[in-house]
Amino acid sequence: MELYGRDLICTQDWTFDELVATLELAARMKRDRFSDRWGAILRNRTFVMFFYNPSVRTRLSFEAGLTELGGHAQFMTPSAGRFKSDKQAGETIEDAAKVMARYAAGIGIRILEDRVPYYGAGDEMLREYAYWAGVPIINMADDRFHPCQALADVMGWAEWLGQGPGRPDYGALRGKKLLLSWGSGALARSWCSVQAAMLIASRFGMNVTMAYPEGYDLDAEVISWTKQNCQRNKADFEVVHDPDSGYDGAHVVYCRNWVSPEAYQDGSLQKQREIERAMAYTGWTTTVERMARTDNAIFTHPMPVDRGSEVTDEVASGSRSAIYDIAENRLHVQKAIMALTMGNL
Amino acid sequence: MELYGRDLICTQDWTFDELVATLELAARMKRDRFSDRWGAILRNRTFVMFFYNPSVRTRLSFEAGLTELGGHAQFMTPSAGRFKSDKQAGETIEDAAKVMARYAAGIGIRILEDRVPYYGAGDEMLREYAYWAGVPIINMADDRFHPCQALADVMGWAEWLGQGPGRPDYGALRGKKLLLSWGSGALARSWCSVQAAMLIASRFGMNVTMAYPEGYDLDAEVISWTKQNCQRNKADFEVVHDPDSGYDGAHVVYCRNWVSPEAYQDGSLQKQREIERAMAYTGWTTTVERMARTDNAIFTHPMPVDRGSEVTDEVASGSRSAIYDIAENRLHVQKAIMALTMGNL
Amino acid sequence: MELYGRDLICTQDWTFDELVATLELAARMKRDRFSDRWGAILRNRTFVMFFYNPSVRTRLSFEAGLTELGGHAQFMTPSAGRFKSDKQAGETIEDAAKVMARYAAGIGIRILEDRVPYYGAGDEMLREYAYWAGVPIINMADDRFHPCQALADVMGWAEWLGQGPGRPDYGALRGKKLLLSWGSGALARSWCSVQAAMLIASRFGMNVTMAYPEGYDLDAEVISWTKQNCQRNKADFEVVHDPDSGYDGAHVVYCRNWVSPEAYQDGSLQKQREIERAMAYTGWTTTVERMARTDNAIFTHPMPVDRGSEVTDEVASGSRSAIYDIAENRLHVQKAIMALTMGNL
């Protein structure tokens, strides 16, 4: 297994052993966060964070991660340069990628559904960067996938179902039930985090139950991969269309708003229309009552949380909420990814 | 005395001994700026600078300070994320603070009067961050206080009245007169710097004279604290309402524009109205003639200086201008604050 | 020769020996990029990048350069502060420069033609910063000059005409022919890069041929300096006004769009008018056919490339394209400049 020089665009692109090796390094880094063993792995090295969409958590965690590895993460947005598009002359992805690769040990890119003309165009752009750049491209969330969030999620679940912070037990996830529920709210959110979650959960042998109103199907290919992952692990995959029954016996509850498959029209995301559509489905909220139907489940969410719509304050700030630990895990898994793909280990 | 883990929101929250210990470390750091003794205190550590309002000097000095302590300061603005407000769904301060605390050794926040619905709301927000975050919150200027500027001010005054750069004599300030004068101009400035100055001057035993046009009263509670500080130090506090007499016998002259107590209306700062109000009071300017009435006073200002309105070029660029030394001191006091509250000393 | 503390605003301000010493250090740094010899030269030091105009390549390369020297480059824009202008009260250049110099080991400034009221005003502003600041001012591109690009260019030409990456042969440039051609396109570009190129080429003994449509003359003073440089080196300088003949026998081909001398009117750059003017001159494009007239010339460009207008994809991505190597050289020459002017060598 050799991860040096590899891109990370979707967890499906990596073998199970590669994912586990990354997660194991992340846990070692978490247990001994400021050890000299990690503090110079990317010394004098640059990581470029290229944000087509803004972000707080992703920027904070990548930039802190580079600092903790001894390097530096540069913040960049496309508006800072002249990039070629249908509407204007400017630099091609070929040129941008080749030049950045001369300066940086790796490049992170975030591009979400509201910056692209159709679903999947953001992920295609990442793969075009990866084609041209001679250094690793790390997906910091695109319109399809969010692999860093997936690894932080599974690490957090394995900590809570295992021996606590920095002591994940991935075997403990096998046969456990993840409820992945659509959540009410006016945020018209991306598919990437929930799709990343179902892909990683099914890789690690969890039973996956999806709950969402009719008309909120996700990416058919991702669902197909998830089913295949479940089959290989002899785990179950099911879909329900009510906001309650999925909670029965769940061990991990994930509730988040997402847009419908009809979100795009005329080459752009129709955010306002999606918000109006979602208004028909109030009450898809994780509550204490619903959590009582579970098998003492933890609550998981990639944040930011839309409190009151996706989840009540009681659950989000409650004793079984894993949200802050998982947010912290973004740092640890990203450090591990960068150390393995870019570092002198 | 233990400063590790402490917030700094207002100098009144810290004991005199704590302030002096911080200032003494700042002076040692200034005398031996690039010593190995300081260069790794925050190695691999992240400080988040969270700017609700933009700033040049504050950003430069904090970011340089982190670099000089071996760490890294991240620049962040609220527009980079989705923060909850009356008008939109988004992340709560609880969630933002708890997550940032997982990544950072400390968090600096700037929020001024034009971003809050009423006077004091910015300071309240800082205290809410401090309540939730498990790491130190450093006030980088809010609508009431500016403690880093206060410490830079008093260090500069004690250097100029003492043995020069890096050799402050705080005893030399006792019984000396600070004139804190309102200044003309169209900048409708915050109260935070002048309030910080009167609080710190009175802690260090200076006599405080305020000079301002009728109708330009400051925060009554801050005035009350200042009077109490003066009483404890057997120092004088007085107010005059003409632009000349306050200069008589002054040792330190501070002249800066500020808004009236009627600046807020309907939940926002009425900047244009305040500029018009100030136009009635031209001539509140520190000039060579007025400086001639002092006891060879130094001129102090938190910068940026509004030359021609608050002070003439002759004074601002003159031989008794302490403004650049005090600007430099921002770096040193902030390094000391961060080393003591966040560092492995 | 002592470069410590020196500004770099135009290559004409430095002696030939100073330029060569900088380039030699840059080549050593390129050959052994992450050596411990360079990794702490600016340890704990801050470089301020002050961008009146945005930039991708310049920011990336300076920020990466500081990271590789162990320091940190801060990103700053004038909109982050209140700077004095004809239209608003604010901070003077004197105050901004003096304060930044207290925090930083050096200051880089970029200001292009669209932010100034007349040609040359940007360069004058840099020299005003240099007058007040007590630390080196590095020109990150102004309306007249771009010395870092010039050094990256000449290093790249000497690598390609010499022994390859990191092995430049500056003697190999003597007597060789540089074609500097105007290029078609709708970008209304600055004069700074092309003027920087002709100045540096003529310092190193190259014959310089300029090719441009009538009416696209450049800065008369820069042309005069170029001619003087050529005379001293017994090299030729010529101008042609057709898009073909200049290629004959060239060793280095440079093709880039630029604005006409009538670009300014009423105190601002008339970009749209310049774009319309340029539309009369389609076909000033470097093609494979034109490259066939040369003496196996390399293609050089400061990037971003306007593919299809300035140069075809075949040439820009072809086997004689030096554009990525030269982009990389920005990093190395800037590291050398900063090490020599600011570092503890």
# chains A, B, ... in the order shown; residues from 1 in each chain; ligands from 1
>>> interface_residues(of="chain A", to="chain B", cutoff="9 Å", atoms="only C-alpha atoms", output="ChimeraX atom specification")
/A:34,39-40,53-57,60-61,63-72,185-187,303-307,324-325,327-328,331
>>> select_by_dssp(residues="segment 182-250 of chain C", states="strand (DSSP E)", output="PyMOL selection string")
chain C and resi 182+207-211+237-240
>>> calpha_fit_and_write(fixed="chain C", moving="chain A", output="compact mmCIF listing (two decimals) with C-alpha atoms, in the first residue's frame")
# COMPACT_ATOMS: atom_id res chain seq x y z
CA MET A 1 27.90 43.93 -2.76
CA GLU A 2 25.39 44.20 0.03
CA LEU A 3 21.72 43.56 -0.71
CA TYR A 4 20.48 43.44 2.88
CA GLY A 5 17.86 46.15 3.41
CA ARG A 6 17.55 47.00 -0.30
CA ASP A 7 14.31 47.60 -2.17
CA LEU A 8 13.60 45.92 -5.52
CA ILE A 9 11.31 48.11 -7.60
CA CYS A 10 12.92 47.79 -11.03
CA THR A 11 15.82 45.62 -12.20
CA GLN A 12 17.47 48.79 -13.57
CA ASP A 13 17.95 49.87 -9.92
CA TRP A 14 20.28 46.92 -9.29
CA THR A 15 23.74 46.33 -10.74
CA PHE A 16 24.38 43.44 -13.08
CA ASP A 17 26.43 41.71 -10.39
CA GLU A 18 23.58 42.06 -7.90
CA LEU A 19 21.15 40.53 -10.39
CA VAL A 20 23.52 37.66 -11.14
CA ALA A 21 24.16 36.96 -7.45
CA THR A 22 20.42 36.78 -6.89
CA LEU A 23 19.93 34.46 -9.85
CA GLU A 24 22.75 32.20 -8.74
CA LEU A 25 21.22 31.84 -5.29
CA ALA A 26 17.85 31.14 -6.93
CA ALA A 27 19.38 28.30 -8.95
CA ARG A 28 21.02 26.80 -5.86
CA MET A 29 17.66 27.01 -4.10
CA LYS A 30 15.95 25.33 -7.06
CA ARG A 31 18.43 22.46 -7.21
CA ASP A 32 18.07 21.77 -3.49
CA ARG A 33 14.65 23.18 -2.77
CA PHE A 34 13.94 21.86 0.73
CA SER A 35 17.47 21.94 2.08
CA ASP A 36 17.95 22.93 5.71
CA ARG A 37 20.21 25.68 4.38
CA TRP A 38 17.19 27.76 3.36
CA GLY A 39 14.41 26.42 5.60
CA ALA A 40 14.97 28.84 8.48
CA ILE A 41 16.40 31.95 6.80
CA LEU A 42 13.25 33.93 7.63
CA ARG A 43 12.20 31.88 10.65
CA ASN A 44 9.57 33.72 12.74
CA ARG A 45 9.66 36.58 10.23
CA THR A 46 6.69 38.23 8.52
CA PHE A 47 6.47 39.46 4.94
CA VAL A 48 3.42 41.58 4.14
CA MET A 49 1.89 41.12 0.69
CA PHE A 50 -0.11 44.22 -0.05
CA PHE A 51 -2.38 43.69 -3.04
CA TYR A 52 -4.10 46.71 -4.52
CA ASN A 53 -4.84 44.31 -7.41
CA PRO A 54 -5.63 40.63 -6.92
CA SER A 55 -3.30 37.94 -8.15
CA VAL A 56 -3.06 34.17 -8.04
CA ARG A 57 0.44 33.36 -9.20
CA THR A 58 2.12 36.19 -7.35
CA ARG A 59 0.36 35.43 -4.11
CA LEU A 60 0.94 31.70 -4.37
CA SER A 61 4.63 32.06 -5.17
CA PHE A 62 5.41 34.66 -2.52
CA GLU A 63 3.43 32.89 0.17
CA ALA A 64 5.01 29.53 -0.71
CA GLY A 65 8.41 31.21 -0.80
CA LEU A 66 8.03 32.55 2.71
CA THR A 67 6.88 29.15 3.93
CA GLU A 68 9.95 27.56 2.34
CA LEU A 69 12.19 30.13 4.06
CA GLY A 70 10.55 29.37 7.42
CA GLY A 71 8.59 32.62 7.67
CA HIS A 72 5.07 33.71 6.86
CA ALA A 73 3.59 35.96 4.21
CA GLN A 74 0.50 37.90 5.24
CA PHE A 75 -2.14 38.68 2.67
CA MET A 76 -3.45 42.23 2.86
CA THR A 77 -5.63 44.42 0.65
CA PRO A 78 -6.26 48.15 0.95
CA SER A 79 -9.98 47.54 1.35
CA ALA A 80 -9.14 45.98 4.70
CA GLY A 81 -8.27 49.41 6.05
CA ARG A 82 -9.10 53.04 5.72
CA PHE A 83 -6.53 54.56 3.39
CA LYS A 84 -6.48 58.22 2.68
CA SER A 85 -7.44 59.34 -0.81
CA ASP A 86 -8.89 62.35 -2.56
CA LYS A 87 -12.31 60.98 -1.72
CA GLN A 88 -12.02 59.92 1.92
CA ALA A 89 -10.26 60.52 5.20
CA GLY A 90 -7.94 57.72 6.19
CA GLU A 91 -4.40 56.63 6.79
CA THR A 92 -1.49 58.16 4.87
CA ILE A 93 1.19 56.11 3.11
CA GLU A 94 3.66 57.51 5.64
CA ASP A 95 1.72 56.05 8.54
CA ALA A 96 0.90 52.76 6.82
CA ALA A 97 4.51 52.20 5.77
CA LYS A 98 6.02 53.13 9.12
CA VAL A 99 3.66 50.85 11.04
CA MET A 100 4.03 47.87 8.70
CA ALA A 101 7.79 48.22 8.98
CA ARG A 102 7.48 47.69 12.73
CA TYR A 103 5.85 44.30 12.18
CA ALA A 104 7.40 42.99 8.98
CA ALA A 105 10.83 42.12 7.62
CA GLY A 106 9.69 43.32 4.21
CA ILE A 107 6.68 44.46 2.23
CA GLY A 108 5.55 43.41 -1.23
CA ILE A 109 3.17 45.66 -3.13
CA ARG A 110 1.13 45.09 -6.27
CA ILE A 111 -0.66 47.99 -7.91
CA LEU A 112 -1.58 47.97 -11.57
CA GLU A 113 -2.80 50.48 -14.12
CA ASP A 114 -6.50 50.08 -13.35
CA ARG A 115 -6.10 51.33 -9.77
CA VAL A 116 -4.24 54.53 -10.52
CA PRO A 117 -5.23 57.80 -12.22
CA TYR A 118 -2.37 57.93 -14.72
CA TYR A 119 0.43 55.73 -16.05
CA GLY A 120 3.32 55.63 -13.61
CA ALA A 121 1.29 56.57 -10.53
CA GLY A 122 1.53 53.01 -9.21
CA ASP A 123 5.30 52.96 -9.47
CA GLU A 124 5.44 56.36 -7.76
CA MET A 125 3.37 54.97 -4.90
CA LEU A 126 5.80 52.09 -4.44
CA ARG A 127 8.65 54.55 -4.24
CA GLU A 128 6.72 56.55 -1.65
CA TYR A 129 6.30 53.38 0.45
CA ALA A 130 10.01 52.71 0.02
CA TYR A 131 10.82 56.24 1.17
CA TRP A 132 8.95 55.85 4.46
CA ALA A 133 9.37 52.17 5.30
CA GLY A 134 12.52 51.10 7.07
CA VAL A 135 12.34 47.64 5.50
CA PRO A 136 12.69 46.41 1.88
CA ILE A 137 9.85 47.09 -0.52
CA ILE A 138 9.54 44.42 -3.20
CA ASN A 139 7.62 45.24 -6.36
CA MET A 140 5.05 42.48 -6.92
CA ALA A 141 4.10 44.19 -10.23
CA ASP A 142 3.24 47.83 -10.68
CA ASP A 143 2.05 49.73 -13.73
CA ARG A 144 5.61 50.09 -15.10
CA PHE A 145 7.74 47.22 -13.81
CA HIS A 146 7.64 43.60 -12.71
CA PRO A 147 11.19 42.75 -11.62
CA CYS A 148 10.38 39.36 -10.09
CA GLN A 149 8.87 38.24 -13.38
CA ALA A 150 11.93 39.58 -15.21
CA LEU A 151 14.27 37.49 -13.07
CA ALA A 152 12.08 34.40 -13.47
CA ASP A 153 12.04 34.96 -17.24
CA VAL A 154 15.77 35.32 -17.67
CA MET A 155 16.43 32.36 -15.40
CA GLY A 156 14.06 30.23 -17.48
CA TRP A 157 15.59 31.32 -20.81
CA ALA A 158 19.06 30.57 -19.45
CA GLU A 159 17.93 27.14 -18.27
CA TRP A 160 16.39 26.23 -21.65
CA LEU A 161 19.34 27.63 -23.60
CA GLY A 162 21.69 26.20 -20.97
CA GLN A 163 21.75 22.87 -19.16
CA GLY A 164 18.11 22.63 -18.09
CA PRO A 165 16.16 23.17 -14.84
CA GLY A 166 18.32 24.60 -12.08
CA ARG A 167 21.30 24.77 -14.48
CA PRO A 168 21.00 28.15 -16.20
CA ASP A 169 23.77 29.41 -18.48
CA TYR A 170 23.53 33.18 -18.64
CA GLY A 171 26.43 33.41 -21.08
CA ALA A 172 24.34 31.40 -23.55
CA LEU A 173 21.92 34.32 -23.81
CA ARG A 174 24.49 36.77 -25.25
CA GLY A 175 23.77 37.51 -28.88
CA LYS A 176 20.58 35.45 -28.91
CA LYS A 177 17.39 36.99 -30.28
CA LEU A 178 14.32 37.71 -28.16
CA LEU A 179 11.16 38.43 -30.10
CA LEU A 180 8.76 40.42 -27.96
CA SER A 181 5.50 40.48 -29.86
CA TRP A 182 2.20 42.14 -29.11
CA GLY A 183 -0.57 39.52 -28.89
CA SER A 184 -4.20 39.67 -29.87
CA GLY A 185 -6.95 39.39 -27.32
CA ALA A 186 -9.54 41.03 -25.11
CA LEU A 187 -7.54 41.33 -21.89
CA ALA A 188 -6.20 44.89 -22.18
CA ARG A 189 -3.07 43.93 -20.34
CA SER A 190 -0.49 45.88 -18.40
CA TRP A 191 2.87 46.99 -19.80
CA CYS A 192 4.79 45.86 -16.74
CA SER A 193 5.70 42.29 -17.73
CA VAL A 194 6.82 43.07 -21.26
CA GLN A 195 8.78 46.10 -20.13
CA ALA A 196 10.41 44.01 -17.42
CA ALA A 197 11.32 41.41 -20.05
CA MET A 198 12.97 43.83 -22.46
CA LEU A 199 14.94 45.47 -19.67
CA ILE A 200 16.31 42.19 -18.34
CA ALA A 201 16.97 40.66 -21.77
CA SER A 202 19.01 43.69 -22.77
CA ARG A 203 20.95 43.59 -19.49
CA PHE A 204 21.98 40.03 -20.32
CA GLY A 205 23.15 40.84 -23.85
CA MET A 206 20.25 39.58 -25.91
CA ASN A 207 19.21 41.15 -29.19
CA VAL A 208 15.69 42.48 -28.73
CA THR A 209 13.13 42.65 -31.52
CA MET A 210 9.77 44.16 -30.76
CA ALA A 211 6.78 43.50 -33.00
CA TYR A 212 3.52 45.36 -32.57
CA PRO A 213 0.82 47.15 -34.53
CA GLU A 214 1.34 50.86 -35.14
CA GLY A 215 -0.03 52.76 -32.17
CA TYR A 216 1.09 50.26 -29.51
CA ASP A 217 4.29 51.95 -28.41
CA LEU A 218 5.44 51.31 -24.85
CA ASP A 219 7.02 53.61 -22.23
CA ALA A 220 9.56 55.79 -24.05
CA GLU A 221 11.91 55.84 -21.06
CA VAL A 222 11.92 52.05 -20.80
CA ILE A 223 12.63 51.77 -24.52
CA SER A 224 15.48 54.23 -24.07
CA TRP A 225 16.95 52.22 -21.18
CA THR A 226 16.60 49.04 -23.23
CA LYS A 227 18.48 50.61 -26.13
CA GLN A 228 21.23 51.76 -23.76
CA ASN A 229 21.49 48.27 -22.28
CA CYS A 230 21.76 46.85 -25.80
CA GLN A 231 24.42 49.34 -26.81
CA ARG A 232 26.54 48.54 -23.76
CA ASN A 233 26.29 44.86 -24.66
CA LYS A 234 26.83 45.45 -28.41
CA ALA A 235 23.42 43.91 -29.03
CA ASP A 236 20.73 44.95 -31.48
CA PHE A 237 17.37 46.55 -30.78
CA GLU A 238 14.77 46.77 -33.53
CA VAL A 239 11.05 47.30 -33.97
CA VAL A 240 8.83 45.80 -36.68
CA HIS A 241 5.13 46.37 -37.27
CA ASP A 242 4.05 43.08 -38.81
CA PRO A 243 3.15 39.87 -36.98
CA ASP A 244 5.48 37.54 -38.93
CA SER A 245 8.95 38.84 -39.74
CA GLY A 246 10.12 39.17 -36.14
CA TYR A 247 10.09 35.39 -35.77
CA ASP A 248 12.95 34.92 -38.24
CA GLY A 249 15.90 33.45 -36.38
CA ALA A 250 14.48 34.12 -32.93
CA HIS A 251 15.68 32.01 -29.97
CA VAL A 252 13.08 33.16 -27.47
CA VAL A 253 9.53 34.13 -28.45
CA TYR A 254 7.39 36.18 -26.08
CA CYS A 255 3.85 37.09 -27.18
CA ARG A 256 1.49 39.03 -24.99
CA ASN A 257 -1.33 41.50 -25.27
CA TRP A 258 -0.90 45.04 -24.01
CA VAL A 259 -2.82 48.30 -24.04
CA SER A 260 -2.07 51.33 -26.20
CA PRO A 261 -0.47 54.53 -24.87
CA GLU A 262 -3.92 56.12 -25.04
CA ALA A 263 -5.33 53.78 -22.44
CA TYR A 264 -5.88 56.44 -19.79
CA GLN A 265 -8.47 59.14 -20.00
CA ASP A 266 -10.04 61.30 -17.30
CA GLY A 267 -7.91 59.66 -14.62
CA SER A 268 -8.72 56.04 -15.23
CA LEU A 269 -7.87 53.13 -17.49
CA GLN A 270 -10.39 52.80 -20.35
CA LYS A 271 -10.33 49.02 -20.45
CA GLN A 272 -13.38 48.53 -22.65
CA ARG A 273 -12.13 51.03 -25.21
CA GLU A 274 -8.78 49.27 -25.30
CA ILE A 275 -10.48 45.92 -25.86
CA GLU A 276 -12.35 47.39 -28.80
CA ARG A 277 -9.15 48.91 -30.18
CA ALA A 278 -7.39 45.54 -29.95
CA MET A 279 -10.16 43.86 -31.93
CA ALA A 280 -8.77 45.52 -35.07
CA TYR A 281 -5.64 43.38 -34.74
CA THR A 282 -6.66 39.76 -34.70
CA GLY A 283 -4.10 37.22 -35.78
CA TRP A 284 -1.13 38.48 -33.74
CA THR A 285 -0.85 34.96 -32.35
CA THR A 286 2.15 32.69 -31.86
CA THR A 287 1.48 29.64 -34.05
CA VAL A 288 3.39 26.53 -35.01
CA GLU A 289 3.87 28.05 -38.46
CA ARG A 290 5.44 31.19 -37.08
CA MET A 291 7.59 29.21 -34.65
CA ALA A 292 8.94 27.32 -37.69
CA ARG A 293 10.61 30.55 -38.83
CA THR A 294 12.66 30.71 -35.62
CA ASP A 295 15.95 29.09 -34.67
CA ASN A 296 14.18 26.37 -32.64
CA ALA A 297 12.93 29.05 -30.25
CA ILE A 298 11.37 28.46 -26.87
CA PHE A 299 8.03 30.07 -26.09
CA THR A 300 7.91 32.27 -22.99
CA HIS A 301 5.01 34.03 -21.29
CA PRO A 302 4.47 35.40 -17.78
CA MET A 303 1.03 33.73 -17.56
CA PRO A 304 -1.89 33.59 -17.31
CA VAL A 305 -1.89 32.73 -21.01
CA ASP A 306 -4.79 33.81 -23.20
CA ARG A 307 -4.82 30.65 -25.30
CA GLY A 308 -6.17 31.04 -28.80
CA SER A 309 -5.42 34.77 -28.88
CA GLU A 310 -1.83 35.24 -27.77
CA VAL A 311 -0.68 31.70 -28.58
CA THR A 312 -2.18 28.47 -29.85
CA ASP A 313 -2.60 25.44 -27.61
CA GLU A 314 -0.08 23.56 -29.74
CA VAL A 315 2.67 26.03 -28.88
CA ALA A 316 1.66 26.80 -25.29
CA SER A 317 1.49 23.10 -24.40
CA GLY A 318 4.24 22.08 -26.83
CA SER A 319 7.70 20.69 -26.26
CA ARG A 320 9.42 24.10 -26.52
CA SER A 321 7.07 25.86 -24.10
CA ALA A 322 8.97 27.21 -21.09
CA ILE A 323 5.92 28.72 -19.43
CA TYR A 324 5.57 26.34 -16.48
CA ASP A 325 9.28 26.34 -15.72
CA ILE A 326 9.25 30.11 -15.71
CA ALA A 327 6.18 30.19 -13.48
CA GLU A 328 8.06 27.92 -11.09
CA ASN A 329 11.06 30.22 -11.25
CA ARG A 330 8.98 33.01 -9.72
CA LEU A 331 9.21 31.02 -6.51
CA HIS A 332 12.96 30.53 -6.66
CA VAL A 333 13.94 34.08 -7.60
CA GLN A 334 11.62 35.56 -5.00
CA LYS A 335 13.07 33.30 -2.32
CA ALA A 336 16.53 34.48 -3.32
CA ILE A 337 15.48 38.15 -3.33
CA MET A 338 13.92 37.86 0.12
CA ALA A 339 16.80 35.87 1.55
CA LEU A 340 19.31 38.45 0.33
CA THR A 341 17.37 41.62 1.22
CA MET A 342 15.77 40.43 4.49
CA GLY A 343 17.50 37.29 5.69
CA ASN A 344 20.22 36.38 8.11
CA LEU A 345 22.54 34.85 5.55
>>> select_by_dssp(residues="segment 52-240 of chain C", states="helix (DSSP H, G or I)", output="MDAnalysis selection string")
chainID C and resid 57:68 78:80 93:103 113:115 121:132 147:160 170:173 192:203 220:232
